[in-house]
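Text of target-v1.txt, listed as compact mmCIF, N, CA and C atoms:
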# COMPACT_ATOMS: atom_id res chain seq x y z
N MET A 1247 0.85 -1.18 0.00
CA MET A 1247 0.00 0.00 0.00
C MET A 1247 0.90 1.24 0.00
N LYS A 1248 0.74 2.08 -1.00
CA LYS A 1248 1.54 3.30 -1.11
C LYS A 1248 0.80 4.48 -0.50
N ILE A 1249 1.50 5.19 0.40
CA ILE A 1249 0.95 6.40 1.01
C ILE A 1249 1.92 7.54 0.75
N GLY A 1250 1.42 8.63 0.20
CA GLY A 1250 2.25 9.78 -0.12
C GLY A 1250 2.24 10.82 0.98
N TYR A 1251 3.34 11.53 1.11
CA TYR A 1251 3.44 12.67 2.02
C TYR A 1251 4.34 13.71 1.38
N GLN A 1252 4.21 14.96 1.78
CA GLN A 1252 5.03 16.03 1.20
C GLN A 1252 6.30 16.16 2.02
N GLY A 1253 7.45 16.09 1.35
CA GLY A 1253 8.72 16.29 2.04
C GLY A 1253 9.66 15.12 1.89
N ILE A 1254 10.72 15.21 2.66
CA ILE A 1254 11.76 14.19 2.66
C ILE A 1254 11.65 13.35 3.93
N PRO A 1255 12.33 12.20 3.98
CA PRO A 1255 12.33 11.45 5.23
C PRO A 1255 12.80 12.34 6.39
N GLY A 1256 12.04 12.30 7.47
CA GLY A 1256 12.33 13.15 8.61
C GLY A 1256 11.50 14.42 8.65
N SER A 1257 10.72 14.68 7.59
CA SER A 1257 9.87 15.88 7.55
C SER A 1257 8.72 15.73 8.54
N TYR A 1258 8.08 16.84 8.83
CA TYR A 1258 6.93 16.81 9.73
C TYR A 1258 5.78 15.98 9.15
N SER A 1259 5.61 16.00 7.85
CA SER A 1259 4.55 15.19 7.24
C SER A 1259 4.84 13.70 7.38
N GLU A 1260 6.09 13.31 7.24
CA GLU A 1260 6.43 11.89 7.44
C GLU A 1260 6.23 11.52 8.91
N ALA A 1261 6.60 12.43 9.81
CA ALA A 1261 6.38 12.18 11.25
C ALA A 1261 4.90 12.01 11.54
N ALA A 1262 4.04 12.82 10.91
CA ALA A 1262 2.60 12.70 11.11
C ALA A 1262 2.09 11.36 10.58
N LEU A 1263 2.63 10.92 9.45
CA LEU A 1263 2.25 9.62 8.90
C LEU A 1263 2.64 8.49 9.85
N GLU A 1264 3.87 8.54 10.35
CA GLU A 1264 4.32 7.51 11.29
C GLU A 1264 3.47 7.53 12.56
N HIS A 1265 3.13 8.71 13.05
CA HIS A 1265 2.28 8.86 14.23
C HIS A 1265 0.90 8.23 13.97
N TYR A 1266 0.34 8.53 12.80
CA TYR A 1266 -0.96 7.96 12.45
C TYR A 1266 -0.91 6.44 12.40
N LEU A 1267 0.11 5.88 11.74
CA LEU A 1267 0.20 4.43 11.62
C LEU A 1267 0.35 3.75 12.97
N ARG A 1268 1.20 4.31 13.84
CA ARG A 1268 1.35 3.74 15.20
C ARG A 1268 0.03 3.79 15.95
N SER A 1269 -0.65 4.93 15.88
CA SER A 1269 -1.92 5.10 16.58
C SER A 1269 -2.98 4.14 16.04
N ALA A 1270 -3.06 4.01 14.73
CA ALA A 1270 -4.05 3.13 14.12
C ALA A 1270 -3.82 1.68 14.56
N ARG A 1271 -2.57 1.26 14.53
CA ARG A 1271 -2.26 -0.13 14.93
C ARG A 1271 -2.55 -0.36 16.41
N SER A 1272 -2.20 0.62 17.25
CA SER A 1272 -2.43 0.45 18.70
C SER A 1272 -3.91 0.48 19.04
N ASN A 1273 -4.74 1.08 18.17
CA ASN A 1273 -6.18 1.12 18.40
C ASN A 1273 -6.90 -0.04 17.71
N GLY A 1274 -6.14 -0.99 17.18
CA GLY A 1274 -6.72 -2.19 16.62
C GLY A 1274 -7.21 -2.08 15.19
N LEU A 1275 -6.88 -0.98 14.50
CA LEU A 1275 -7.27 -0.89 13.09
C LEU A 1275 -6.44 -1.87 12.27
N ASP A 1276 -7.08 -2.51 11.34
CA ASP A 1276 -6.40 -3.48 10.50
C ASP A 1276 -5.59 -2.73 9.43
N MET A 1277 -4.28 -2.63 9.63
CA MET A 1277 -3.40 -1.91 8.70
C MET A 1277 -2.56 -2.92 7.92
N PRO A 1278 -2.43 -2.72 6.62
CA PRO A 1278 -1.58 -3.62 5.83
C PRO A 1278 -0.14 -3.60 6.33
N SER A 1279 0.55 -4.71 6.17
CA SER A 1279 1.94 -4.77 6.60
C SER A 1279 2.90 -4.26 5.53
N ASP A 1280 2.40 -4.09 4.31
CA ASP A 1280 3.27 -3.69 3.20
C ASP A 1280 3.14 -2.20 2.86
N ILE A 1281 3.05 -1.34 3.87
CA ILE A 1281 2.91 0.10 3.63
C ILE A 1281 4.24 0.69 3.17
N SER A 1282 4.17 1.45 2.11
CA SER A 1282 5.34 2.13 1.56
C SER A 1282 5.08 3.63 1.59
N ALA A 1283 5.85 4.36 2.40
CA ALA A 1283 5.71 5.81 2.50
C ALA A 1283 6.56 6.46 1.41
N ILE A 1284 5.95 7.33 0.62
CA ILE A 1284 6.63 7.95 -0.51
C ILE A 1284 6.62 9.46 -0.35
N GLY A 1285 7.81 10.06 -0.26
CA GLY A 1285 7.93 11.51 -0.14
C GLY A 1285 7.81 12.19 -1.50
N TYR A 1286 7.15 13.32 -1.51
CA TYR A 1286 6.94 14.10 -2.74
C TYR A 1286 7.50 15.50 -2.57
N ASP A 1287 7.88 16.10 -3.70
CA ASP A 1287 8.40 17.47 -3.70
C ASP A 1287 7.31 18.53 -3.59
N ASN A 1288 6.08 18.18 -4.00
CA ASN A 1288 5.03 19.19 -3.99
C ASN A 1288 3.66 18.55 -3.79
N PHE A 1289 2.70 19.37 -3.40
CA PHE A 1289 1.35 18.90 -3.11
C PHE A 1289 0.62 18.46 -4.38
N LYS A 1290 0.81 19.16 -5.47
CA LYS A 1290 0.07 18.88 -6.70
C LYS A 1290 0.32 17.46 -7.18
N THR A 1291 1.57 17.02 -7.17
CA THR A 1291 1.89 15.67 -7.63
C THR A 1291 1.30 14.61 -6.71
N ILE A 1292 1.28 14.87 -5.42
CA ILE A 1292 0.66 13.92 -4.49
C ILE A 1292 -0.81 13.74 -4.85
N ILE A 1293 -1.51 14.84 -5.03
CA ILE A 1293 -2.94 14.77 -5.31
C ILE A 1293 -3.19 14.12 -6.66
N THR A 1294 -2.37 14.44 -7.66
CA THR A 1294 -2.50 13.80 -8.98
C THR A 1294 -2.34 12.30 -8.86
N ASP A 1295 -1.33 11.84 -8.12
CA ASP A 1295 -1.10 10.40 -7.95
C ASP A 1295 -2.20 9.75 -7.11
N LEU A 1296 -2.75 10.49 -6.16
CA LEU A 1296 -3.86 9.96 -5.36
C LEU A 1296 -5.10 9.77 -6.22
N VAL A 1297 -5.44 10.75 -7.02
CA VAL A 1297 -6.61 10.68 -7.89
C VAL A 1297 -6.46 9.59 -8.94
N SER A 1298 -5.24 9.43 -9.48
CA SER A 1298 -5.01 8.42 -10.52
C SER A 1298 -4.96 7.00 -9.98
N GLY A 1299 -4.84 6.85 -8.66
CA GLY A 1299 -4.76 5.51 -8.08
C GLY A 1299 -3.34 5.03 -7.84
N GLU A 1300 -2.36 5.83 -8.22
CA GLU A 1300 -0.96 5.48 -7.96
C GLU A 1300 -0.72 5.36 -6.45
N LEU A 1301 -1.38 6.21 -5.68
CA LEU A 1301 -1.32 6.16 -4.22
C LEU A 1301 -2.66 5.66 -3.69
N LYS A 1302 -2.61 4.90 -2.62
CA LYS A 1302 -3.83 4.45 -1.95
C LYS A 1302 -4.32 5.53 -0.99
N ALA A 1303 -3.39 6.31 -0.43
CA ALA A 1303 -3.73 7.35 0.54
C ALA A 1303 -2.63 8.40 0.53
N ALA A 1304 -2.90 9.52 1.16
CA ALA A 1304 -1.90 10.59 1.28
C ALA A 1304 -2.14 11.31 2.60
N ILE A 1305 -1.08 11.81 3.16
CA ILE A 1305 -1.19 12.64 4.35
C ILE A 1305 -0.73 14.03 3.96
N LEU A 1306 -1.62 15.01 4.13
CA LEU A 1306 -1.37 16.37 3.68
C LEU A 1306 -1.69 17.36 4.79
N PRO A 1307 -0.83 18.35 4.98
CA PRO A 1307 -1.15 19.38 5.97
C PRO A 1307 -2.24 20.30 5.45
N VAL A 1308 -3.23 20.56 6.27
CA VAL A 1308 -4.29 21.49 5.87
C VAL A 1308 -4.36 22.70 6.80
N GLU A 1309 -3.63 22.63 7.93
CA GLU A 1309 -3.64 23.74 8.87
C GLU A 1309 -2.40 23.64 9.75
N ASN A 1310 -1.87 24.79 10.16
CA ASN A 1310 -0.81 24.78 11.16
C ASN A 1310 -0.99 25.97 12.10
N SER A 1311 -0.34 25.91 13.24
CA SER A 1311 -0.55 26.93 14.26
C SER A 1311 0.17 28.24 13.96
N THR A 1312 1.06 28.26 12.98
CA THR A 1312 1.79 29.48 12.64
C THR A 1312 1.04 30.32 11.62
N THR A 1313 0.59 29.67 10.55
CA THR A 1313 -0.04 30.42 9.45
C THR A 1313 -1.52 30.12 9.27
N GLY A 1314 -2.07 29.20 10.02
CA GLY A 1314 -3.48 28.86 9.86
C GLY A 1314 -3.68 27.86 8.75
N LEU A 1315 -4.70 28.09 7.93
CA LEU A 1315 -5.00 27.15 6.84
C LEU A 1315 -3.87 27.10 5.82
N ILE A 1316 -3.59 25.92 5.32
CA ILE A 1316 -2.62 25.74 4.24
C ILE A 1316 -3.43 25.78 2.95
N THR A 1317 -3.58 26.97 2.40
CA THR A 1317 -4.48 27.15 1.26
C THR A 1317 -4.01 26.44 0.01
N ARG A 1318 -2.69 26.26 -0.14
CA ARG A 1318 -2.19 25.51 -1.31
C ARG A 1318 -2.81 24.12 -1.36
N THR A 1319 -2.84 23.46 -0.21
CA THR A 1319 -3.42 22.12 -0.14
C THR A 1319 -4.92 22.17 -0.40
N LEU A 1320 -5.60 23.06 0.27
CA LEU A 1320 -7.06 23.14 0.12
C LEU A 1320 -7.47 23.49 -1.31
N ASP A 1321 -6.74 24.41 -1.94
CA ASP A 1321 -7.05 24.77 -3.32
C ASP A 1321 -6.88 23.59 -4.27
N LEU A 1322 -5.84 22.78 -4.03
CA LEU A 1322 -5.60 21.63 -4.90
C LEU A 1322 -6.62 20.51 -4.67
N LEU A 1323 -7.12 20.39 -3.46
CA LEU A 1323 -8.10 19.35 -3.15
C LEU A 1323 -9.50 19.69 -3.66
N ARG A 1324 -9.74 20.98 -3.82
CA ARG A 1324 -11.06 21.43 -4.24
C ARG A 1324 -11.42 20.81 -5.59
N TYR A 1325 -12.61 20.28 -5.67
CA TYR A 1325 -13.15 19.67 -6.89
C TYR A 1325 -12.47 18.35 -7.27
N GLN A 1326 -11.71 17.77 -6.36
CA GLN A 1326 -11.10 16.46 -6.64
C GLN A 1326 -11.94 15.37 -5.97
N PRO A 1327 -11.97 14.17 -6.54
CA PRO A 1327 -12.78 13.09 -5.96
C PRO A 1327 -12.05 12.39 -4.81
N VAL A 1328 -11.64 13.17 -3.81
CA VAL A 1328 -10.98 12.61 -2.63
C VAL A 1328 -11.66 13.16 -1.37
N VAL A 1329 -11.56 12.40 -0.30
CA VAL A 1329 -12.14 12.82 0.98
C VAL A 1329 -11.13 12.59 2.09
N ALA A 1330 -11.22 13.42 3.12
CA ALA A 1330 -10.40 13.21 4.32
C ALA A 1330 -11.07 12.13 5.16
N THR A 1331 -10.26 11.19 5.64
CA THR A 1331 -10.81 10.10 6.45
C THR A 1331 -10.34 10.14 7.89
N HIS A 1332 -9.22 10.82 8.15
CA HIS A 1332 -8.68 10.89 9.50
C HIS A 1332 -8.00 12.23 9.70
N GLU A 1333 -7.79 12.56 10.96
CA GLU A 1333 -7.08 13.77 11.32
C GLU A 1333 -5.93 13.40 12.25
N VAL A 1334 -4.78 14.01 12.04
CA VAL A 1334 -3.62 13.75 12.87
C VAL A 1334 -3.10 15.09 13.38
N TYR A 1335 -2.90 15.18 14.68
CA TYR A 1335 -2.28 16.37 15.26
C TYR A 1335 -0.80 16.05 15.45
N GLN A 1336 0.07 16.82 14.79
CA GLN A 1336 1.51 16.58 14.87
C GLN A 1336 2.17 17.75 15.60
N PRO A 1337 2.58 17.54 16.85
CA PRO A 1337 3.29 18.62 17.56
C PRO A 1337 4.62 18.95 16.86
N ILE A 1338 4.94 20.22 16.83
CA ILE A 1338 6.18 20.68 16.20
C ILE A 1338 7.03 21.33 17.28
N SER A 1339 8.29 20.97 17.31
CA SER A 1339 9.21 21.54 18.29
C SER A 1339 10.51 21.91 17.56
N HIS A 1340 10.86 23.18 17.61
CA HIS A 1340 12.10 23.64 16.99
C HIS A 1340 13.18 23.81 18.06
N SER A 1341 14.41 23.55 17.67
CA SER A 1341 15.55 23.72 18.57
C SER A 1341 16.62 24.55 17.88
N LEU A 1342 17.30 25.35 18.65
CA LEU A 1342 18.42 26.13 18.13
C LEU A 1342 19.70 25.49 18.66
N TRP A 1343 20.53 25.03 17.75
CA TRP A 1343 21.77 24.36 18.12
C TRP A 1343 22.94 25.28 17.83
N GLY A 1344 24.02 25.08 18.55
CA GLY A 1344 25.22 25.86 18.31
C GLY A 1344 26.46 25.06 18.66
N VAL A 1345 27.58 25.63 18.40
CA VAL A 1345 28.85 24.98 18.72
C VAL A 1345 29.24 25.31 20.14
N GLU A 1346 30.12 24.52 20.69
CA GLU A 1346 30.58 24.73 22.06
C GLU A 1346 31.17 26.14 22.18
N GLY A 1347 30.79 26.83 23.22
CA GLY A 1347 31.28 28.18 23.46
C GLY A 1347 30.38 29.27 22.90
N ALA A 1348 29.43 28.90 22.04
CA ALA A 1348 28.51 29.89 21.47
C ALA A 1348 27.49 30.29 22.53
N HIS A 1349 27.07 31.53 22.49
CA HIS A 1349 26.07 32.03 23.44
C HIS A 1349 24.95 32.72 22.69
N THR A 1350 23.76 32.61 23.23
CA THR A 1350 22.60 33.21 22.57
C THR A 1350 22.66 34.73 22.58
N ASN A 1351 23.46 35.33 23.45
CA ASN A 1351 23.53 36.79 23.45
C ASN A 1351 24.28 37.33 22.23
N TYR A 1352 24.87 36.46 21.41
CA TYR A 1352 25.51 36.88 20.17
C TYR A 1352 24.50 37.14 19.05
N PHE A 1353 23.29 36.61 19.22
CA PHE A 1353 22.26 36.74 18.19
C PHE A 1353 21.54 38.08 18.32
N THR A 1354 21.31 38.70 17.20
CA THR A 1354 20.49 39.91 17.19
C THR A 1354 19.07 39.57 16.74
N SER A 1355 18.91 38.49 15.96
CA SER A 1355 17.59 38.04 15.55
C SER A 1355 17.69 36.61 15.03
N THR A 1356 16.56 35.91 15.07
CA THR A 1356 16.46 34.56 14.50
C THR A 1356 15.20 34.53 13.64
N PHE A 1357 15.19 33.65 12.66
CA PHE A 1357 14.07 33.56 11.73
C PHE A 1357 13.64 32.10 11.60
N ILE A 1358 12.36 31.89 11.46
CA ILE A 1358 11.83 30.58 11.12
C ILE A 1358 11.34 30.67 9.69
N VAL A 1359 11.89 29.83 8.84
CA VAL A 1359 11.50 29.81 7.44
C VAL A 1359 10.46 28.73 7.25
N ILE A 1360 9.33 29.11 6.70
CA ILE A 1360 8.24 28.15 6.48
C ILE A 1360 8.02 28.00 5.01

Structure encoded using structure tokens:
Amino acid sequence: MKIGYQGIPGSYSEAALEHYLRSARSNGLDMPSDISAIGYDNFKTIITDLVSGELKAAILPVENSTTGLITRTLDLLRYQPVVATHEVYQPISHSLWGVEGAHTNYFTSTFIVI
């Protein structure tokens, strides 16, 4: 069973997929053992492959706590013969790493790129 997600291994979307699969199995849902998670570069290709049957399912972000609705996803899903079947809440935690001896008082500003 092929399931698509946006991003590379280790992305938040892949983490959400892994969280969903663990939760589904622990709640007794019958999940296939041959699940293949496939990362995609963009939302449009995921939806195209989902509609064509290349993918059995996809996990797509539709909202986040920083920017609200992910309109790119919603716009692409509009008028497509797909439905949402589950919801996954994926906590996000960012960390700032530095080298030994570095201090945060050296920073004048930090940015989160979304």

Using all atoms of range 1324-1329 of chain A that appear in the file, construct an axis-aligned enclosing box with 8 Å of padding on every side and provide its centre coordinates and edge lengths in Å, rounded to one decimal, as lines of an AutoDock Vina configuration file.
center_x = -11.4
center_y = 16.9
center_z = -2.6
size_x = 19.4
size_y = 25.0
size_z = 25.4

Strand (DSSP E or B) positions in chain A, given as a ChimeraX atom specification: /A:1248-1252,1282-1286,1303-1305,1309-1310,1314-1315

Those in chain A with helix (DSSP H, G or I) from DSSP, as JSON, numbers by chain: {"A": [1258, 1259, 1260, 1261, 1262, 1263, 1264, 1265, 1266, 1267, 1268, 1269, 1270, 1271, 1272, 1289, 1290, 1291, 1292, 1293, 1294, 1295, 1296, 1297, 1298, 1317, 1318, 1319, 1320, 1321, 1322, 1323, 1350, 1351, 1352]}

From (1.7, 8.7, -2.7), in the file's coordinates, out to 6.5 Å: which residues are reached, counting all atoms listed in the file? Answer as a ChimeraX atom specification. /A:1248-1251,1284,1292,1295-1296,1300-1304

Export N, CA and C atoms of the chosen residues as a short mmCIF file (atom, residue, chain, number, x, y, z; two decimals), keeping the file's coordinate frame?
data_model
loop_
_atom_site.label_atom_id
_atom_site.label_comp_id
_atom_site.auth_asym_id
_atom_site.auth_seq_id
_atom_site.Cartn_x
_atom_site.Cartn_y
_atom_site.Cartn_z
N LYS A 1248 0.74 2.08 -1.00
CA LYS A 1248 1.54 3.30 -1.11
C LYS A 1248 0.80 4.48 -0.50
N ILE A 1249 1.50 5.19 0.40
CA ILE A 1249 0.95 6.40 1.01
C ILE A 1249 1.92 7.54 0.75
N GLY A 1250 1.42 8.63 0.20
CA GLY A 1250 2.25 9.78 -0.12
C GLY A 1250 2.24 10.82 0.98
N TYR A 1251 3.34 11.53 1.11
CA TYR A 1251 3.44 12.67 2.02
C TYR A 1251 4.34 13.71 1.38
N ILE A 1284 5.95 7.33 0.62
CA ILE A 1284 6.63 7.95 -0.51
C ILE A 1284 6.62 9.46 -0.35
N ILE A 1292 1.28 14.87 -5.42
CA ILE A 1292 0.66 13.92 -4.49
C ILE A 1292 -0.81 13.74 -4.85
N ASP A 1295 -1.33 11.84 -8.12
CA ASP A 1295 -1.10 10.40 -7.95
C ASP A 1295 -2.20 9.75 -7.11
N LEU A 1296 -2.75 10.49 -6.16
CA LEU A 1296 -3.86 9.96 -5.36
C LEU A 1296 -5.10 9.77 -6.22
N GLU A 1300 -2.36 5.83 -8.22
CA GLU A 1300 -0.96 5.48 -7.96
C GLU A 1300 -0.72 5.36 -6.45
N LEU A 1301 -1.38 6.21 -5.68
CA LEU A 1301 -1.32 6.16 -4.22
C LEU A 1301 -2.66 5.66 -3.69
N LYS A 1302 -2.61 4.90 -2.62
CA LYS A 1302 -3.83 4.45 -1.95
C LYS A 1302 -4.32 5.53 -0.99
N ALA A 1303 -3.39 6.31 -0.43
CA ALA A 1303 -3.73 7.35 0.54
C ALA A 1303 -2.63 8.40 0.53
N ALA A 1304 -2.90 9.52 1.16
CA ALA A 1304 -1.90 10.59 1.28
C ALA A 1304 -2.14 11.31 2.60
#

In terms of the shortest atom-to-atom distance over only C-alpha atoms, which of A:Arg1324, A:Gly1274, A:Ser1311, A:Ser1279 is closest to Ser1339 in chain A?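 So, comparing all the options, the nearest one is A:Ser1311.
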
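As for atom C of His1349 in chain A and CA of Thr1312 in chain A, they are spaced 25.5 Å apart.
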
Expressed in Å to a single decimal, how great is the separation between CA of Val1297 in chain A and CA of Thr1331 in chain A?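 So the two atoms, CA of Val1297 in chain A and CA of Thr1331 in chain A, lie 15.0 Å apart.
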
Pick out the closest residue to Met1247 in chain A from this set: A:Asp1280, A:Glu1346, A:Glu1309, A:Glu1333. Count only C-alpha atoms.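 Of A:Asp1280, A:Glu1346, A:Glu1309, A:Glu1333, the one nearest Met1247 in chain A is A:Asp1280, counting only C-alpha atoms.
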
Have a look at atom N of Thr1294 in chain A and atom C of Asn1310 in chain A and let me know their distance in Å, one decimal.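 We find that atom N of Thr1294 in chain A and atom C of Asn1310 in chain A lie 22.9 Å from each other.
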
Between A:Thr1350, A:Thr1319, A:Val1334, A:Thr1356, which has the minimum distance to Ala1270 in chain A (counting only C-alpha atoms)? A:Val1334
